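Engineer: Starting off with a structure, shown below.
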Amino acid sequence: MITKFLLRLRILPRWVIIVLDVGVILFATFLGYCLRFNFDLSLIDSYNPLEGIILNGIAGLISLLITRSYAGIVRYTGLKDGLRVFQTLILTHALSSLVNLVYHYNVGSNLIPYSVILISFLASFLFLFQYRLLIKNIFSYYGRLYHNKINVAIFGAGQMGIMTKHLLDDDHKSGMNVVAFFEDDTNKIGKIIAGTEIYSLNEIELFHSKYQIEELIIAVNQLSVQRKNEIVDTCLNYNLKVRTVPNLNTWVKGELSLNQIKEVKIEDLLERDSITIKNEELVNEFSGKVVCISGAAGSIGSELVRQVIELKPKSLLLIDQSETPLYNIINELDNQSEISIDYYVADITNSKRIESLFIEHQPQIVFHAAAYKHVPLMEANPSEAILCNVIGTYNLANAADKFGVEKFVMVSTDKAVNPTNVMGASKRIAEMYVQSLNNQSKTSFITTRFGNVLGSNGSVIPHFKNQIEKGGPVTVTHPEINRYFMTISEACELILEAGCMGKGGEIFIFDMGKSVRIVDLARKMIKLSGFEPYKDIDIVFTGLRQGEKLFEELLTKGEDNLPTHHPKILIAKINVPDYIMVNSFVERLRTMLESSESELSLVSLMKEIVPEFKSNRSIYEILDR
């Protein structure tokens, strides 16, 4: 009966709390008399204790109503509630002391001894706070018994871990019962925090079988990505779901909420340890400048926009041919920035349109992120790859040279290295043109290369997620195919840093760590979704696509790299191509496009420009024989 009543009684009525609090103060005052006079009832009686008890009780009631310490929900009692109780008792005994002082001034004696006031103050605080904690623990105990909760463990017995446990214990909607902490810190292992013992993660097998742990929550503010991967792999071996608590600086008003505890995403495990580029020169480089970004509505371009805004440029010129994504950027940034931003639906292959924009806005720095990037599509449409990636870059670079742009930063790809497909070759030709133009121009032309970007449009992760949601199968082209990954934020930091440190003619590359086998990525994504690979969801190998490589590279044959002031950013040491030769080839490509020459002829000329371009699993392999 009591249990059912407690479960139905979600919040104690406030009048009950007031009655309990006043009753505690009355009892504490009586106890104060007893302790002061060693429980000698005759001596206590000589001091008229009833008057003192009533005085403290009335003062307590007045203080409760003033400070509203009764308003807190008892079952969620915390340190802030303890502080309110303390303030209430300070006011209570201050009022009692004031009345006592006035009474003594007029009558010549005290209503209550000051020693009793002090003792009752200490006893009242102890009893008031402790009974709140007792009620909280009773609700928590019966809540755990009579709610269908799953057993979970928390990795991290620090501040974040303790706060996470308190949240899960206090909120019965969580459906979780914390049975253990796990830690790497050997000094903490074996100790007890918040009533729960701390263990080594090596003991997880025992706890999984003994307590039927179903989930592990990672609650560590600074945890290396390598260690996070090790923890997740351990959990997946025991079919445990893994959740994570966000960093403290993302908590709303400094407090953790239940909906912030999210399941670990594959993106969290592919990130490397944060490579933060803290360069104060970035602000000096871009502050007060007119900055142009092509492809501004794309994955990279839109993040570049967000990061450049933080550097306080004079104005932004945003160009993209895709109407709806550009409209979305307008809605995102509208009224959120004091910087002047001009948006244009424009095609970089239209040289006259680009020149008119440059004449009107006079950009000082250009970030060129517009490109076609999907390998199979471009393999089937070489003329479009050449038109956008080569001629578009040609138009933008020439406009930058003609109108005195200070710096031109081109976004390239690792697929331009020893290309095996049309898309990669088109980007390599674009690299060659801007590099060669650098020697003919006052504009500094700079190039950045990096691999696959997490979360970018059309990347493998959203594709796998979609397949898993549909019940599979997950399709992988080859069991040995692997790729480098980086975050959009990291990619844009590299681009900005290149724009700052580049003097002209460089190709900056990024130390992207270890490559990831795509089949391993697929397996982990399936497990993180709560399924078993090959049992619940199958993985099917479909064969390499046209132009696809097994391994990506960041340097071509004969290239070397040079260090920069940042250990993760390198400069590819390569021979700069001759401008007259490259310009002649590009002009020939443009003429062939205008005269609608065959795709085979176009690709043949690309191979002449880029001798290392060897097609793979493509109809254009006949040109390599």
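Chain lettering (A, B, ...) mirrors the order of the structure tokens, residue numbering begins at 1 for each chain separately, and ligand numbering begins at 1 in order of display.
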Got a sec to tell me which of segment 142-379 of chain A DSSP assigns to strand (DSSP E or B), as a ChimeraX atom specification?
Structural biologist: /A:150-155,176-183,192-193,196-200,215-218,241-244,252,255,262-263,290-294,315-320,340-345,365-368
Engineer: Would you list the contacts of Tyr114 of chain A as an MDAnalysis selection string, taking every protein, DNA or RNA residue within 12 Å and counting only C-alpha atoms, but skipping same-chain residues closer than 2 positions in sequence?
Structural biologist: chainID A and resid 29 32:33 36 52 56 93:94 96:101 104 109:112 116:121
Engineer: Using only C-alpha atoms, which of the listed residues (A:Ala572, A:Val519, A:Ile348, A:Leu494) sits closest to Glu480 of chain A?
Structural biologist: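 Closest to Glu480 of chain A, using only C-alpha atoms: A:Val519.
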Engineer: Can you list, as a ChimeraX atom specification, every protein, DNA or RNA residue that comes within 7 Å of Lys407 of chain A when you count only C-alpha atoms, leaving out same-chain residues fewer than 5 positions away?
Structural biologist: /A:364-366,443-445
Engineer: When distances are computed from only C-alpha atoms, which of A:Asn389, A:Ala370, A:Asn438, A:Ala28 shows the smallest separation from Asp401 of chain A?
Structural biologist: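 Closest candidate: A:Asn438.
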Engineer: May I have the residues within 8 Å of Leu387 of chain A as a short mmCIF file (atom, residue, chain, number, x, y, z; two decimals) with N, CA, C and O atoms, in the first residue's frame, using only C-alpha atoms and disregarding those fewer than 6 positions away in the same chain?
Structural biologist:
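Result file around_34.cif:
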data_model
loop_
_atom_site.label_atom_id
_atom_site.label_comp_id
_atom_site.auth_asym_id
_atom_site.auth_seq_id
_atom_site.Cartn_x
_atom_site.Cartn_y
_atom_site.Cartn_z
N THR A 349 30.80 28.52 -64.74
CA THR A 349 31.20 28.27 -66.13
C THR A 349 30.82 29.45 -67.04
O THR A 349 31.21 29.48 -68.21
N ARG A 590 38.28 23.64 -73.84
CA ARG A 590 37.12 24.51 -73.99
C ARG A 590 36.61 24.52 -75.43
O ARG A 590 35.39 24.46 -75.68
N LEU A 593 34.74 21.34 -76.10
CA LEU A 593 33.41 21.37 -75.48
C LEU A 593 32.44 22.18 -76.34
O LEU A 593 31.29 21.77 -76.56
#
Engineer: Enumerate, in order of chain and increasing residue number, the residues of segment 460-519 of chain A with an atom no farther than 12 Å from segment 430-433 of chain A, each with its shortest atom pair and distance in Å to one decimal, counting only C-alpha atoms, as JSON lines.
Structural biologist:
{"residue": "A:Gly505", "atom": "CA", "partner": "A:Glu431", "partner_atom": "CA", "distance": 9.7}
{"residue": "A:Glu506", "atom": "CA", "partner": "A:Glu431", "partner_atom": "CA", "distance": 10.0}
{"residue": "A:Ile507", "atom": "CA", "partner": "A:Glu431", "partner_atom": "CA", "distance": 8.3}
{"residue": "A:Phe508", "atom": "CA", "partner": "A:Glu431", "partner_atom": "CA", "distance": 11.3}
Engineer: Could you write out the selected residues, including all heavy atoms, as a tab-separated table (two decimals), in the first residue's frame?
Structural biologist:
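This is the output file out-v3.tsv:
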chain	number	residue	atom	x	y	z
A	505	GLY	N	51.23	29.34	-54.94
A	505	GLY	CA	51.82	28.20	-55.63
A	505	GLY	C	51.83	26.91	-54.84
A	505	GLY	O	52.16	25.86	-55.38
A	506	GLU	N	51.48	26.96	-53.55
A	506	GLU	CA	51.55	25.75	-52.71
A	506	GLU	C	50.33	24.85	-52.91
A	506	GLU	O	49.24	25.31	-53.25
A	506	GLU	CB	51.63	26.10	-51.22
A	506	GLU	CG	52.76	27.03	-50.83
A	506	GLU	CD	52.30	28.48	-50.74
A	506	GLU	OE1	51.27	28.82	-51.37
A	506	GLU	OE2	52.96	29.25	-50.04
A	507	ILE	N	50.55	23.56	-52.68
A	507	ILE	CA	49.44	22.62	-52.51
A	507	ILE	C	49.55	22.09	-51.08
A	507	ILE	O	50.50	21.38	-50.74
A	507	ILE	CB	49.50	21.45	-53.52
A	507	ILE	CG1	49.27	21.97	-54.93
A	507	ILE	CG2	48.45	20.40	-53.18
A	507	ILE	CD1	49.30	20.89	-56.00
A	508	PHE	N	48.60	22.48	-50.25
A	508	PHE	CA	48.61	22.06	-48.85
A	508	PHE	C	47.87	20.74	-48.71
A	508	PHE	O	46.79	20.55	-49.27
A	508	PHE	CB	47.95	23.11	-47.96
A	508	PHE	CG	48.75	24.37	-47.78
A	508	PHE	CD1	48.56	25.45	-48.63
A	508	PHE	CD2	49.68	24.48	-46.77
A	508	PHE	CE1	49.30	26.61	-48.48
A	508	PHE	CE2	50.43	25.64	-46.60
A	508	PHE	CZ	50.23	26.70	-47.47
Engineer: Can you tell me how far atom CA of Gly190 of chain A sits from atom CA of Asn247 of chain A, in Å to one decimal?
Structural biologist: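 Pair atom CA of Gly190 of chain A / atom CA of Asn247 of chain A returns 26.0 Å.
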Engineer: Please compute the atom CA of Val474 of chain A-atom CA of Gln260 of chain A distance, one decimal, in Å.
Structural biologist: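 These atoms are spaced 28.9 Å apart.
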Engineer: Fewer than 4 positions away in the same chain doesn't count, so skip those; otherwise give me all residues within 10 Å of segment 609-619 of chain A, counting only C-alpha atoms, as a ChimeraX atom specification.
Structural biologist: /A:376,379-380,416-422,424-426,428-429,432,543-549,556-557,581-582,585-586,600,603-605,623-625
Engineer: Take the residues from that selection and write them out as a compact mmCIF listing (two decimals), in the first residue's frame, keeping N, CA, C and O atoms.
Structural biologist:
# COMPACT_ATOMS: atom_id res chain seq x y z
N PRO A 376 31.31 8.16 -60.02
CA PRO A 376 30.60 7.44 -61.09
C PRO A 376 29.83 8.37 -62.03
O PRO A 376 29.81 8.14 -63.24
N GLU A 379 32.25 10.04 -64.33
CA GLU A 379 32.81 9.07 -65.28
C GLU A 379 31.86 8.90 -66.47
O GLU A 379 32.29 8.66 -67.60
N ALA A 380 30.57 9.04 -66.18
CA ALA A 380 29.56 8.91 -67.23
C ALA A 380 29.32 10.23 -67.97
O ALA A 380 28.69 10.24 -69.03
N ALA A 416 42.61 13.70 -56.95
CA ALA A 416 43.43 14.31 -58.01
C ALA A 416 44.82 13.70 -58.05
O ALA A 416 45.58 13.95 -58.99
N VAL A 417 45.18 12.91 -57.05
CA VAL A 417 46.50 12.30 -56.97
C VAL A 417 46.49 10.97 -57.72
O VAL A 417 45.69 10.07 -57.43
N ASN A 418 47.38 10.86 -58.72
CA ASN A 418 47.40 9.66 -59.57
C ASN A 418 45.99 9.23 -59.94
O ASN A 418 45.54 8.13 -59.62
N PRO A 419 45.24 10.11 -60.61
CA PRO A 419 43.81 9.88 -60.83
C PRO A 419 43.53 8.62 -61.63
O PRO A 419 44.26 8.26 -62.56
N THR A 420 42.43 7.96 -61.25
CA THR A 420 41.96 6.78 -61.98
C THR A 420 40.56 7.03 -62.54
O THR A 420 39.92 6.09 -63.02
N ASN A 421 40.10 8.26 -62.45
CA ASN A 421 38.76 8.59 -62.92
C ASN A 421 38.73 10.02 -63.46
O ASN A 421 39.64 10.82 -63.20
N VAL A 422 37.69 10.32 -64.18
CA VAL A 422 37.55 11.62 -64.82
C VAL A 422 37.46 12.74 -63.79
O VAL A 422 38.07 13.81 -63.96
N GLY A 424 38.71 12.93 -60.72
CA GLY A 424 40.02 13.21 -60.16
C GLY A 424 40.94 13.90 -61.14
O GLY A 424 41.67 14.84 -60.79
N ALA A 425 40.87 13.49 -62.40
CA ALA A 425 41.73 14.10 -63.42
C ALA A 425 41.33 15.56 -63.66
O ALA A 425 42.19 16.42 -63.87
N SER A 426 40.02 15.82 -63.65
CA SER A 426 39.57 17.20 -63.85
C SER A 426 40.04 18.10 -62.72
O SER A 426 40.44 19.25 -62.95
N ARG A 428 42.76 17.56 -60.98
CA ARG A 428 44.22 17.69 -61.12
C ARG A 428 44.55 18.77 -62.16
O ARG A 428 45.47 19.56 -61.98
N ILE A 429 43.80 18.80 -63.25
CA ILE A 429 44.03 19.84 -64.27
C ILE A 429 43.77 21.22 -63.67
O ILE A 429 44.51 22.18 -63.93
N MET A 432 46.70 22.18 -61.63
CA MET A 432 47.83 22.57 -62.48
C MET A 432 47.65 23.99 -63.01
O MET A 432 48.60 24.77 -63.07
N GLY A 543 31.39 -4.83 -56.07
CA GLY A 543 32.46 -4.62 -57.05
C GLY A 543 32.80 -3.15 -57.21
O GLY A 543 31.93 -2.28 -57.04
N LEU A 544 34.04 -2.87 -57.48
CA LEU A 544 34.48 -1.48 -57.64
C LEU A 544 33.70 -0.80 -58.75
O LEU A 544 33.42 -1.40 -59.80
N ARG A 545 33.35 0.46 -58.51
CA ARG A 545 32.64 1.24 -59.52
C ARG A 545 33.63 1.80 -60.54
O ARG A 545 34.85 1.75 -60.34
N GLN A 546 33.09 2.37 -61.60
CA GLN A 546 33.93 2.94 -62.63
C GLN A 546 34.85 4.02 -62.04
O GLN A 546 34.38 4.93 -61.36
N GLY A 547 36.14 3.86 -62.29
CA GLY A 547 37.09 4.87 -61.87
C GLY A 547 37.48 4.82 -60.40
O GLY A 547 38.26 5.66 -59.94
N GLU A 548 36.97 3.83 -59.65
CA GLU A 548 37.19 3.81 -58.21
C GLU A 548 38.51 3.13 -57.85
O GLU A 548 38.88 2.10 -58.43
N LYS A 549 39.21 3.69 -56.85
CA LYS A 549 40.46 3.11 -56.33
C LYS A 549 40.18 2.31 -55.06
O LYS A 549 39.22 2.57 -54.34
N THR A 556 51.36 12.51 -55.43
CA THR A 556 51.59 11.79 -56.67
C THR A 556 53.01 11.24 -56.70
O THR A 556 53.84 11.58 -55.85
N LYS A 557 53.29 10.39 -57.67
CA LYS A 557 54.64 9.85 -57.81
C LYS A 557 55.63 10.99 -58.04
O LYS A 557 55.41 11.87 -58.86
N MET A 581 51.87 26.03 -71.50
CA MET A 581 51.46 24.68 -71.88
C MET A 581 50.08 24.35 -71.30
O MET A 581 49.18 23.89 -72.02
N VAL A 582 49.90 24.58 -69.98
CA VAL A 582 48.63 24.23 -69.33
C VAL A 582 47.49 25.06 -69.91
O VAL A 582 46.39 24.56 -70.19
N PHE A 585 46.38 23.70 -73.20
CA PHE A 585 45.56 22.49 -73.05
C PHE A 585 44.14 22.85 -72.62
O PHE A 585 43.15 22.30 -73.15
N VAL A 586 44.01 23.76 -71.66
CA VAL A 586 42.68 24.14 -71.17
C VAL A 586 41.87 24.81 -72.28
O VAL A 586 40.67 24.56 -72.45
N LEU A 600 35.07 10.55 -75.63
CA LEU A 600 36.32 9.80 -75.74
C LEU A 600 37.47 10.75 -76.09
O LEU A 600 38.57 10.63 -75.54
N VAL A 603 38.39 12.85 -72.97
CA VAL A 603 39.15 12.10 -71.97
C VAL A 603 40.56 11.82 -72.49
O VAL A 603 41.54 11.84 -71.72
N SER A 604 40.69 11.60 -73.77
CA SER A 604 42.01 11.36 -74.36
C SER A 604 42.92 12.57 -74.15
O SER A 604 44.10 12.41 -73.80
N LEU A 605 42.37 13.78 -74.32
CA LEU A 605 43.17 14.99 -74.10
C LEU A 605 43.50 15.15 -72.61
O LEU A 605 44.60 15.59 -72.26
N LEU A 623 42.01 3.82 -73.75
CA LEU A 623 42.93 4.90 -74.09
C LEU A 623 44.30 4.71 -73.45
O LEU A 623 45.26 5.40 -73.80
N ASP A 624 44.40 3.78 -72.50
CA ASP A 624 45.67 3.55 -71.80
C ASP A 624 46.49 2.44 -72.46
O ASP A 624 47.60 2.16 -72.03
N ARG A 625 45.93 1.80 -73.47
CA ARG A 625 46.64 0.66 -74.09
C ARG A 625 47.64 1.14 -75.12
O ARG A 625 47.47 2.18 -75.74
Engineer: Grab the atom CA of Gly301 of chain A to atom CA of Ala369 of chain A distance for me, in Å with one decimal place.
Structural biologist: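 Atom CA of Ala369 of chain A lies 5.8 Å from atom CA of Gly301 of chain A.
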Engineer: Report as a ChimeraX atom specification: the residues of segment 188-350 of chain A with a DSSP assignment of alpha helix (DSSP H), based on the backbone of this structure.
Structural biologist: /A:204-211,225-237,266-270,281-286,299-309,323-333
Engineer: With N, CA and C atoms retained, could you export that selection as a compact mmCIF listing (two decimals), in the first residue's frame?
Structural biologist:
# COMPACT_ATOMS: atom_id res chain seq x y z
N ILE A 204 34.18 -5.82 -17.29
CA ILE A 204 32.85 -5.62 -17.86
C ILE A 204 32.17 -6.95 -18.19
N GLU A 205 32.96 -7.98 -18.54
CA GLU A 205 32.37 -9.28 -18.87
C GLU A 205 31.63 -9.84 -17.66
N LEU A 206 32.26 -9.73 -16.48
CA LEU A 206 31.64 -10.22 -15.25
C LEU A 206 30.34 -9.47 -14.97
N PHE A 207 30.39 -8.16 -15.08
CA PHE A 207 29.21 -7.35 -14.78
C PHE A 207 28.10 -7.55 -15.79
N HIS A 208 28.50 -7.77 -17.03
CA HIS A 208 27.49 -8.00 -18.07
C HIS A 208 26.68 -9.25 -17.77
N SER A 209 27.36 -10.30 -17.32
CA SER A 209 26.67 -11.55 -17.02
C SER A 209 25.96 -11.51 -15.67
N LYS A 210 26.56 -10.84 -14.68
CA LYS A 210 26.00 -10.82 -13.32
C LYS A 210 24.82 -9.87 -13.20
N TYR A 211 24.97 -8.66 -13.74
CA TYR A 211 23.93 -7.64 -13.58
C TYR A 211 23.11 -7.41 -14.84
N VAL A 225 39.84 9.96 -29.15
CA VAL A 225 39.02 9.19 -30.08
C VAL A 225 39.47 7.73 -30.11
N GLN A 226 40.78 7.49 -29.98
CA GLN A 226 41.29 6.12 -29.95
C GLN A 226 40.72 5.34 -28.77
N ARG A 227 40.72 5.98 -27.58
CA ARG A 227 40.17 5.31 -26.40
C ARG A 227 38.66 5.11 -26.53
N LYS A 228 37.99 6.09 -27.11
CA LYS A 228 36.54 5.96 -27.31
C LYS A 228 36.24 4.78 -28.21
N ASN A 229 37.05 4.61 -29.26
CA ASN A 229 36.86 3.47 -30.16
C ASN A 229 37.09 2.15 -29.44
N GLU A 230 38.11 2.11 -28.57
CA GLU A 230 38.39 0.87 -27.82
C GLU A 230 37.21 0.52 -26.91
N ILE A 231 36.66 1.53 -26.24
CA ILE A 231 35.53 1.30 -25.34
C ILE A 231 34.32 0.80 -26.13
N VAL A 232 34.05 1.45 -27.26
CA VAL A 232 32.89 1.06 -28.08
C VAL A 232 33.08 -0.35 -28.61
N ASP A 233 34.28 -0.69 -29.07
CA ASP A 233 34.53 -2.05 -29.57
C ASP A 233 34.30 -3.09 -28.49
N THR A 234 34.77 -2.77 -27.26
CA THR A 234 34.55 -3.70 -26.14
C THR A 234 33.06 -3.90 -25.89
N CYS A 235 32.31 -2.81 -25.90
CA CYS A 235 30.87 -2.90 -25.65
C CYS A 235 30.15 -3.66 -26.76
N LEU A 236 30.54 -3.41 -28.01
CA LEU A 236 29.89 -4.09 -29.12
C LEU A 236 30.15 -5.59 -29.09
N ASN A 237 31.29 -6.00 -28.52
CA ASN A 237 31.58 -7.44 -28.38
C ASN A 237 30.57 -8.12 -27.47
N ILE A 266 28.59 6.93 -35.58
CA ILE A 266 29.83 6.51 -36.25
C ILE A 266 30.73 7.71 -36.50
N GLU A 267 30.13 8.90 -36.69
CA GLU A 267 30.93 10.11 -36.91
C GLU A 267 31.83 10.40 -35.71
N ASP A 268 31.34 10.07 -34.49
CA ASP A 268 32.14 10.30 -33.29
C ASP A 268 33.39 9.44 -33.27
N LEU A 269 33.30 8.27 -33.92
CA LEU A 269 34.40 7.31 -33.88
C LEU A 269 35.38 7.48 -35.03
N LEU A 270 34.97 8.20 -36.07
CA LEU A 270 35.86 8.43 -37.19
C LEU A 270 36.65 9.71 -37.05
N GLU A 281 46.59 35.01 -36.54
CA GLU A 281 46.78 35.69 -37.81
C GLU A 281 45.55 35.57 -38.72
N LEU A 282 44.71 34.55 -38.45
CA LEU A 282 43.51 34.39 -39.27
C LEU A 282 42.63 35.63 -39.21
N VAL A 283 42.45 36.17 -38.00
CA VAL A 283 41.63 37.37 -37.85
C VAL A 283 42.26 38.53 -38.60
N ASN A 284 43.58 38.69 -38.45
CA ASN A 284 44.27 39.77 -39.14
C ASN A 284 44.19 39.62 -40.66
N GLU A 285 44.17 38.34 -41.11
CA GLU A 285 44.17 38.07 -42.55
C GLU A 285 42.82 38.41 -43.19
N PHE A 286 41.73 38.09 -42.50
CA PHE A 286 40.40 38.20 -43.12
C PHE A 286 39.57 39.37 -42.62
N SER A 299 28.44 21.47 -48.87
CA SER A 299 28.86 21.02 -47.53
C SER A 299 30.05 21.83 -47.03
N ILE A 300 31.10 21.92 -47.86
CA ILE A 300 32.30 22.66 -47.48
C ILE A 300 32.04 24.16 -47.53
N GLY A 301 31.42 24.62 -48.62
CA GLY A 301 31.20 26.05 -48.79
C GLY A 301 30.38 26.67 -47.67
N SER A 302 29.31 26.00 -47.25
CA SER A 302 28.44 26.57 -46.21
C SER A 302 29.16 26.65 -44.87
N GLU A 303 29.99 25.64 -44.56
CA GLU A 303 30.76 25.69 -43.32
C GLU A 303 31.83 26.76 -43.40
N LEU A 304 32.43 26.94 -44.57
CA LEU A 304 33.38 28.03 -44.76
C LEU A 304 32.72 29.38 -44.47
N VAL A 305 31.50 29.54 -44.95
CA VAL A 305 30.75 30.78 -44.71
C VAL A 305 30.64 31.02 -43.21
N ARG A 306 30.23 29.99 -42.46
CA ARG A 306 30.05 30.14 -41.01
C ARG A 306 31.35 30.51 -40.31
N GLN A 307 32.45 29.88 -40.73
CA GLN A 307 33.73 30.14 -40.06
C GLN A 307 34.32 31.50 -40.47
N VAL A 308 34.14 31.89 -41.72
CA VAL A 308 34.66 33.18 -42.17
C VAL A 308 33.92 34.32 -41.47
N ILE A 309 32.63 34.17 -41.26
CA ILE A 309 31.85 35.20 -40.57
C ILE A 309 32.46 35.52 -39.21
N GLU A 323 19.86 26.57 -56.42
CA GLU A 323 18.96 27.57 -55.87
C GLU A 323 18.49 27.24 -54.45
N THR A 324 17.95 26.04 -54.24
CA THR A 324 17.35 25.71 -52.94
C THR A 324 18.37 25.71 -51.80
N PRO A 325 19.54 25.03 -51.95
CA PRO A 325 20.52 25.10 -50.86
C PRO A 325 21.00 26.53 -50.57
N LEU A 326 21.12 27.36 -51.60
CA LEU A 326 21.51 28.75 -51.38
C LEU A 326 20.43 29.50 -50.60
N TYR A 327 19.19 29.20 -50.92
CA TYR A 327 18.06 29.81 -50.19
C TYR A 327 18.09 29.39 -48.73
N ASN A 328 18.46 28.14 -48.47
CA ASN A 328 18.55 27.66 -47.09
C ASN A 328 19.64 28.39 -46.32
N ILE A 329 20.75 28.69 -46.98
CA ILE A 329 21.83 29.45 -46.34
C ILE A 329 21.36 30.87 -46.02
N ILE A 330 20.61 31.45 -46.94
CA ILE A 330 20.07 32.80 -46.71
C ILE A 330 19.19 32.80 -45.46
N ASN A 331 18.31 31.80 -45.35
CA ASN A 331 17.43 31.71 -44.18
C ASN A 331 18.22 31.51 -42.89
N GLU A 332 19.29 30.71 -42.98
CA GLU A 332 20.10 30.45 -41.78
C GLU A 332 20.81 31.70 -41.29
N LEU A 333 21.35 32.48 -42.23
CA LEU A 333 22.18 33.62 -41.85
C LEU A 333 21.41 34.93 -41.75
Engineer: When you look at Phe510 of chain A with a cut-off of 8 Å (counting only C-alpha atoms), what residues show up, excluding the ones that are within fewer than 2 positions of it in the same chain? I need them as number ranges by chain.
Structural biologist: A: 449-450, 494, 508, 512, 568-570
Engineer: For the residues in the current selection, export N, CA and C atoms as a PDB file, in the first residue's frame.
Structural biologist:
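The resulting out.pdb:
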ATOM      1  N   ARG A 449      44.333  20.005 -50.434  1.00  0.00           N
ATOM      2  CA  ARG A 449      43.881  18.644 -50.758  1.00  0.00           C
ATOM      3  C   ARG A 449      43.493  17.920 -49.475  1.00  0.00           C
ATOM      4  N   PHE A 450      42.390  17.222 -49.508  1.00  0.00           N
ATOM      5  CA  PHE A 450      42.056  16.322 -48.396  1.00  0.00           C
ATOM      6  C   PHE A 450      41.113  15.234 -48.886  1.00  0.00           C
ATOM      7  N   LEU A 494      41.464  23.858 -42.318  1.00  0.00           N
ATOM      8  CA  LEU A 494      42.623  23.705 -43.201  1.00  0.00           C
ATOM      9  C   LEU A 494      42.587  24.732 -44.329  1.00  0.00           C
ATOM     10  N   PHE A 508      48.603  22.480 -50.246  1.00  0.00           N
ATOM     11  CA  PHE A 508      48.612  22.061 -48.845  1.00  0.00           C
ATOM     12  C   PHE A 508      47.873  20.739 -48.709  1.00  0.00           C
ATOM     13  N   MET A 512      45.967  13.035 -42.363  1.00  0.00           N
ATOM     14  CA  MET A 512      44.632  12.521 -42.042  1.00  0.00           C
ATOM     15  C   MET A 512      44.655  11.244 -41.216  1.00  0.00           C
ATOM     16  N   LYS A 568      50.184  19.111 -38.431  1.00  0.00           N
ATOM     17  CA  LYS A 568      49.228  18.326 -39.197  1.00  0.00           C
ATOM     18  C   LYS A 568      49.033  18.842 -40.617  1.00  0.00           C
ATOM     19  N   ILE A 569      49.699  19.933 -40.964  1.00  0.00           N
ATOM     20  CA  ILE A 569      49.560  20.508 -42.303  1.00  0.00           C
ATOM     21  C   ILE A 569      50.910  20.475 -43.007  1.00  0.00           C
ATOM     22  N   LEU A 570      50.933  19.917 -44.217  1.00  0.00           N
ATOM     23  CA  LEU A 570      52.161  19.784 -44.992  1.00  0.00           C
ATOM     24  C   LEU A 570      51.982  20.459 -46.348  1.00  0.00           C
TER      25      LEU A 570
END
Engineer: With only C-alpha atoms as the basis for distance, which of A:Leu122, A:Ile526, A:Val453, A:Ile574 is at the shortest distance from Asn466 of chain A?
Structural biologist: A:Ile526
Engineer: I need the residue nearest Asn381 of chain A from this list: A:Glu608, A:Glu599, A:Glu552, A:Asp45. Use only C-alpha atoms for the distance.
Structural biologist: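 With only C-alpha atoms as the atom set, the closest residue is A:Glu599.
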Engineer: Of the candidates A:Ala123, A:Asn106, A:Leu65, A:Lys402, which one gets nearest to Leu26 of chain A if we count only C-alpha atoms?
Structural biologist: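 With only C-alpha atoms as the atom set, the closest residue is A:Ala123.
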Engineer: Could you pull the residues within 12 Å of Phe464 of chain A, counting only C-alpha atoms, minus those fewer than 2 positions along the same chain, as an NGL selection string?
Structural biologist: :A and (266 or 455 or 458-462 or 466-476 or 518-519 or 521-526 or 529 or 537-540)
